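Chemist: One structure coming up, written as structure tokens, with questions to follow.
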Amino acid sequence: MFKKTSGRRQCFAALRVCVKIFIPCLLLFVACKREQRQFTQPPSTFKSYDVTMSDIHPGSPGLPQPVQNPSDQRAFDTNEGKRLFTQYNCSGCHFNGGGGIGPPLMDEKWIYGENPENIYSTIVEGRPNGMPSFRYKIPDNQVRELVAYVRSMSGQLRKDVAPTRNDDMNAHRSEERTKRETPQRSGPPPQ
Amino acid sequence: MIDMRNTTLKMCTLAFVLCCSSCGGIHNALNPSGPQAHNLSRLWWLMFIVCSAVFVIVMIAVFLSLRNRTGDSQATPQIEPPREQERKRSNVVVTAVTITVVILFVFLIASFSAGRSMTAGLEHKNGLTVEITGHQWWWEVRYPDASANNIFTTANEIHIPIGVPVTFSLKGGDVIHSFWVPNLAGKKDLIPGKINTMWLQADKPGVYRGQCAEYCGLQHARMALWIVAEPQEQFNAWRQSQTGTSIPPSSDSQKRGQQVFLTSTCVMCHAINGTPAGSNIGPNLTHVASRNMIAAATLVNTREHLAQWIRDSQTFKPGNKMPQNNLSDADLNSLVDYLQSLK
């Protein structure tokens with residue numbers, strides 16, 4: 001009788017050890033799925049004519065068509081966007097998102113809209129009062145990476161996608177730890 | 001049996017040929033062409049010869065002890081072996097340990113002095129200085145000069161005069177790289193935010209291949225460079241040809257090519273001195289046609305390679321920072337015409 005209980009106890013102990021060791025080991029498999037990096041240019045999902053420049057429409061405005069930016073879902077793309085933001089001298093006017101010559105990008109205010117297609121057309125077409133048009137200068141996939149990065153600056157992207165670190169000593173936190181701002185439409189700045 | 005002997009013979013010949021092939025070459029630490037590399041190869045040969053001798057002696061000792069064993073494994077082991085035999089054996093062990101310690105000390109001193117000679121007298125080398133910045137995945141090469149007009153930047157191809165010590169000032173642009181030209185010197189890391197210095201000297205004219213020796217990302221293996229060592233007069237002529245602005249386009253196609261360059265994505269990363277293109281993200285292309293290789297010594301600088309590289313560099317070096325281009329065939333043709341005119 002005593003022997004039987006001891007055997008069962010040992011059995012349970014072994015089971016507990018198994019659970020303690022194997023379940024954390026199984027959890028490690030989660031890390032095996034690596035994000036696929038894409039180096040060739042996929043066809044564009046944006047068209048600049050999706051964005052209207054005017055609030056006046058004949059009849060009622062068209063049904064809103066939500067546009068997905070595939071780069072919003074990829075950590076590699078947002079980090080490339082971060083690299084390009086400095087290399088293409090976006091930081092020359094917008095600084096590290098705090099704004100200076102150009103408007104800040106890390107706050108809740110969006111002059112020309114906070115959606116990916118709005119930011120896309122801002123970069124490609126340029127905006128009045130200083131934003132240059134980068135049409136034909138930045139390839140489409142890189143514009144999308146920049147769009148994703150710009151959105152990550154005010155915490156619009158998932159935390160596991162936003163860039164996690166700065167290469168140099170920046171005064172502000174990395175985009176991953178940025179608080180999510182609720183986007184608000186603001187008019188163009190006073191002249 | 002004859003077949004077997006034939007195969008053994010063939011294998012031996014093959015091994016011999018392979019061994020011989022490692023004695024020459026432009027990317028070989030055992031083919032030293034300068035004082036730095038000579039120091040290192042001497043150290044290497046010292047270690048190789050001593051270690052080979054030790055290996056052979058140990059193998060002979062193992063062979064002898066196997067041959068002289070008593071053979072009777074069933075016999076009871078001796079608790080107290082004869083004193084005379086025991087003293088003899090302990091003498092052998094003490095001698096072997098002493099020799100080992102002496103050899104290791106010789107190695108220590110040789111390695112230390114070779115290491116010291118790498119940086120010795122660096123401040124006294126007043127010859128040429130070359131600044132190298134490591135990027136993913138290419139080398140930016142800058143020749144500083146007292147006169148601002150003579151400063152120029154090139155990429156992946158370093159010309160040096162022979163018989164003169166050349167100081168290299170090494171910086172990391174993004175991640176850690178390592179500068180290694182095995183025929184001329186040892187390795188030295190390029191670390192972001194830090195300047196490392198080394199010197200090397202080429203005694204014989206020739207082309208030597210260098211390679212990044214610190215894993216730096218996807219295309220680390222295709223991050224190579226060439227060092228062209230040439231007599232002083234030839235070097236001066238080369239240096240003269242690299243300073244100043246680019247050659248203006250002459251033919252219609254070249255003029256069109258320059259327009260394509262300045263109005264498309266090229267201008268965002270590359271510089272051509274004498275034109276509005278002044279970015280420093282990618283290699284400086286002011287005298288691109290004078291280089292032997294493109295893409296960090298990955299491709300020979302021919303018209304076909306240049307065109308293919310511009311159209312889709314990702315097939316040659318997946319992950320490199322240059323995007324694909326969908327220029328029309330005519331535009332691409334003009335662009336290559338223009339780039340090939342930049343001697």
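Please note that chains go A, B, ... in the order of the structure tokens, that every chain numbers its residues from 1, and that ligands are numbered from 1 in the order shown.
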Between chain A and chain B, at 10 Å or less, what are the per-residue closest atom pairs and their distances in Å? Count only C-alpha atoms, order by chain and rising residue number, and return it as CSV.
Modeler:
residue,atom,partner,partner_atom,distance
A:Arg37,CA,B:Gly319,CA,8.5
A:Gln38,CA,B:Gly319,CA,8.3
A:Phe39,CA,B:Gly319,CA,5.7
A:Thr40,CA,B:Gln314,CA,6.9
A:Gln41,CA,B:Gln324,CA,7.1
A:Glu80,CA,B:Lys321,CA,9.4
A:Leu84,CA,B:Ile281,CA,9.9
A:Gln87,CA,B:Ile281,CA,6.8
A:Tyr88,CA,B:Met268,CA,6.7
A:Asn89,CA,B:Met268,CA,9.6
A:Phe134,CA,B:Thr265,CA,9.3
A:Arg135,CA,B:Ser264,CA,8.8
A:Tyr136,CA,B:Ser264,CA,5.5
A:Lys137,CA,B:Thr265,CA,4.3
A:Ile138,CA,B:Thr265,CA,5.7
A:Pro139,CA,B:Thr265,CA,7.0
A:Asp140,CA,B:Pro323,CA,9.8
A:Asn141,CA,B:Pro323,CA,8.8
A:Gln142,CA,B:Pro323,CA,8.4
A:Asp167,CA,B:Asp174,CA,8.2
A:Asp168,CA,B:Gly193,CA,9.4
Chemist: Please produce a file of the residues just selected, as a PDB file, in the first residue's frame, where the atoms kept are C-alpha atoms.
Modeler:
ATOM      1  CA  ARG A  37      12.627  40.408 -45.074  1.00  0.00           C
ATOM      2  CA  GLN A  38      11.681  41.573 -48.507  1.00  0.00           C
ATOM      3  CA  PHE A  39      14.390  43.169 -50.607  1.00  0.00           C
ATOM      4  CA  THR A  40      12.613  43.325 -53.948  1.00  0.00           C
ATOM      5  CA  GLN A  41      10.027  45.978 -54.573  1.00  0.00           C
ATOM      6  CA  GLU A  80      14.679  50.924 -42.488  1.00  0.00           C
ATOM      7  CA  LEU A  84      16.128  56.645 -44.247  1.00  0.00           C
ATOM      8  CA  GLN A  87      19.807  59.643 -44.418  1.00  0.00           C
ATOM      9  CA  TYR A  88      17.289  61.436 -46.658  1.00  0.00           C
ATOM     10  CA  ASN A  89      17.578  64.416 -44.325  1.00  0.00           C
ATOM     11  CA  PHE A 134      10.072  63.450 -53.356  1.00  0.00           C
ATOM     12  CA  ARG A 135       8.331  61.978 -56.399  1.00  0.00           C
ATOM     13  CA  TYR A 136      10.833  59.988 -58.566  1.00  0.00           C
ATOM     14  CA  LYS A 137      13.467  60.612 -55.886  1.00  0.00           C
ATOM     15  CA  ILE A 138      12.483  57.983 -53.314  1.00  0.00           C
ATOM     16  CA  PRO A 139      11.414  54.532 -54.537  1.00  0.00           C
ATOM     17  CA  ASP A 140       7.904  53.483 -53.625  1.00  0.00           C
ATOM     18  CA  ASN A 141       8.854  50.819 -51.097  1.00  0.00           C
ATOM     19  CA  GLN A 142      11.111  53.240 -49.253  1.00  0.00           C
ATOM     20  CA  ASP A 167      21.833  54.274 -32.943  1.00  0.00           C
ATOM     21  CA  ASP A 168      23.023  57.469 -31.313  1.00  0.00           C
TER      22      ASP A 168
END
Chemist: For the structure I just gave you, how does DSSP split segment 109-160 of chain A - specifically, which residues are alpha helix (DSSP H)? Reply as an NGL selection string.
Modeler: :A and (116-125 or 140-153)
Chemist: List the spatial neighbours of segment 338-341 of chain B as a CSV table (one decimal) with N, CA and C atoms, in the first residue's frame - criterion: any atom at most 6 Å away, only C-alpha atoms, same-chain residues fewer than 6 positions off excluded.
Modeler:
chain,number,residue,atom,x,y,z
B,254,GLN,N,25.5,61.1,-73.0
B,254,GLN,CA,26.1,61.4,-71.6
B,254,GLN,C,25.4,62.5,-70.9
B,257,GLY,N,22.3,61.2,-69.7
B,257,GLY,CA,22.6,60.4,-68.6
B,257,GLY,C,22.8,61.2,-67.3
B,289,ALA,N,34.5,55.6,-63.1
B,289,ALA,CA,35.0,54.8,-64.2
B,289,ALA,C,36.5,54.4,-64.1
Chemist: Name the residues in contact with segment 205-213 of chain B at a cut-off of 9 Å, using only C-alpha atoms, excluding same-chain residues fewer than 6 positions from it; report them as a ChimeraX atom specification.
Modeler: /B:25-28,33,134,137,161-162,177-184,187-189,220-231,297
Chemist: Based on the selection just made, write C-alpha atoms of those residues as a short mmCIF file (atom, residue, chain, number, x, y, z; two decimals), in the first residue's frame.
Modeler:
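Output file again35.cif is given in full below:
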data_model
loop_
_atom_site.label_atom_id
_atom_site.label_comp_id
_atom_site.auth_asym_id
_atom_site.auth_seq_id
_atom_site.Cartn_x
_atom_site.Cartn_y
_atom_site.Cartn_z
CA GLY B 25 47.80 34.77 -54.21
CA ILE B 26 46.62 38.30 -53.53
CA HIS B 27 44.63 37.35 -50.43
CA ASN B 28 47.04 35.30 -48.38
CA SER B 33 54.44 41.77 -49.11
CA GLY B 134 33.21 51.06 -42.90
CA TRP B 137 28.65 46.88 -47.09
CA PRO B 161 52.86 54.19 -52.94
CA ILE B 162 55.32 51.33 -52.38
CA HIS B 177 33.66 46.17 -39.29
CA SER B 178 37.26 44.99 -39.48
CA PHE B 179 39.91 46.08 -41.97
CA TRP B 180 42.03 43.16 -43.11
CA VAL B 181 44.48 42.97 -46.01
CA PRO B 182 46.24 39.65 -45.26
CA ASN B 183 49.20 40.22 -47.61
CA LEU B 184 50.07 43.51 -45.91
CA LYS B 187 43.21 42.97 -38.70
CA LYS B 188 41.97 46.14 -37.07
CA ASP B 189 38.36 46.89 -36.18
CA HIS B 220 29.55 40.75 -44.92
CA ALA B 221 31.10 38.20 -47.28
CA ARG B 222 30.82 40.60 -50.22
CA MET B 223 32.48 43.51 -48.46
CA ALA B 224 35.91 43.42 -50.01
CA LEU B 225 38.42 46.04 -51.13
CA TRP B 226 41.51 46.32 -53.28
CA ILE B 227 44.79 47.89 -52.36
CA VAL B 228 46.75 48.95 -55.43
CA ALA B 229 50.42 49.43 -54.53
CA GLU B 230 52.36 51.32 -57.19
CA PRO B 231 55.58 53.34 -57.56
CA ALA B 297 34.97 44.42 -55.17
#
Chemist: Run DSSP on the backbone and give me the residues of segment 14-162 of chain A it puts in strand (DSSP E or B), as a list of chain:residue names.
Modeler: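 Filtering segment 14-162 of chain A to strand (DSSP E or B) leaves A:Lys109, A:Trp110, A:Arg127, A:Met131.
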Chemist: Please provide the set of residues having any atom within 12 Å of Ser328 of chain B, restricted to only C-alpha atoms, with same-chain residues fewer than 3 positions apart removed, written as a VMD selection string.
Modeler: chain B and resid 257 260 264 307 310 to 311 325 331 to 335
Chemist: What lies within 6 Å of segment 95-106 of chain A using only C-alpha atoms, ignoring chain neighbours under 4 positions off, as number ranges by chain?
Modeler: A: 91, 153-154
Chemist: Output N, CA and C atoms of each residue in that selection to a file, as an mmCIF file, in the first residue's frame.
Modeler:
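Writing done, so here's out20.cif:
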data_model
loop_
_atom_site.group_PDB
_atom_site.id
_atom_site.type_symbol
_atom_site.label_atom_id
_atom_site.label_comp_id
_atom_site.auth_asym_id
_atom_site.auth_seq_id
_atom_site.Cartn_x
_atom_site.Cartn_y
_atom_site.Cartn_z
ATOM 1 N N SER A 91 15.244 64.640 -41.104
ATOM 2 C CA SER A 91 15.564 65.218 -39.810
ATOM 3 C C SER A 91 16.125 66.632 -39.953
ATOM 4 N N MET A 153 6.349 57.199 -34.807
ATOM 5 C CA MET A 153 6.898 58.255 -33.937
ATOM 6 C C MET A 153 5.888 58.751 -32.925
ATOM 7 N N SER A 154 4.588 58.679 -33.269
ATOM 8 C CA SER A 154 3.599 59.086 -32.281
ATOM 9 C C SER A 154 2.868 57.863 -31.738
#
Chemist: For segment 45-58 of chain B, list every protein, DNA or RNA residue within 9 Å, evaluated using only C-alpha atoms, and leave out those in the same chain fewer than 5 positions away; present the list as an MDAnalysis selection string.
Modeler: chainID B and resid 30 40 63 103 107 110
Chemist: Considering only C-alpha atoms, can you say which of B:Ile132, B:Ala296, B:Ala148, B:Ala237 comes closest to Leu190 of chain B?
Modeler: B:Ile132
Chemist: For a quick check of understanding, using only C-alpha atoms, which of A:Arg185, A:Lys82, A:Arg177, A:Arg74 has the smallest distance to Asn118 of chain A?
Modeler: A:Arg185
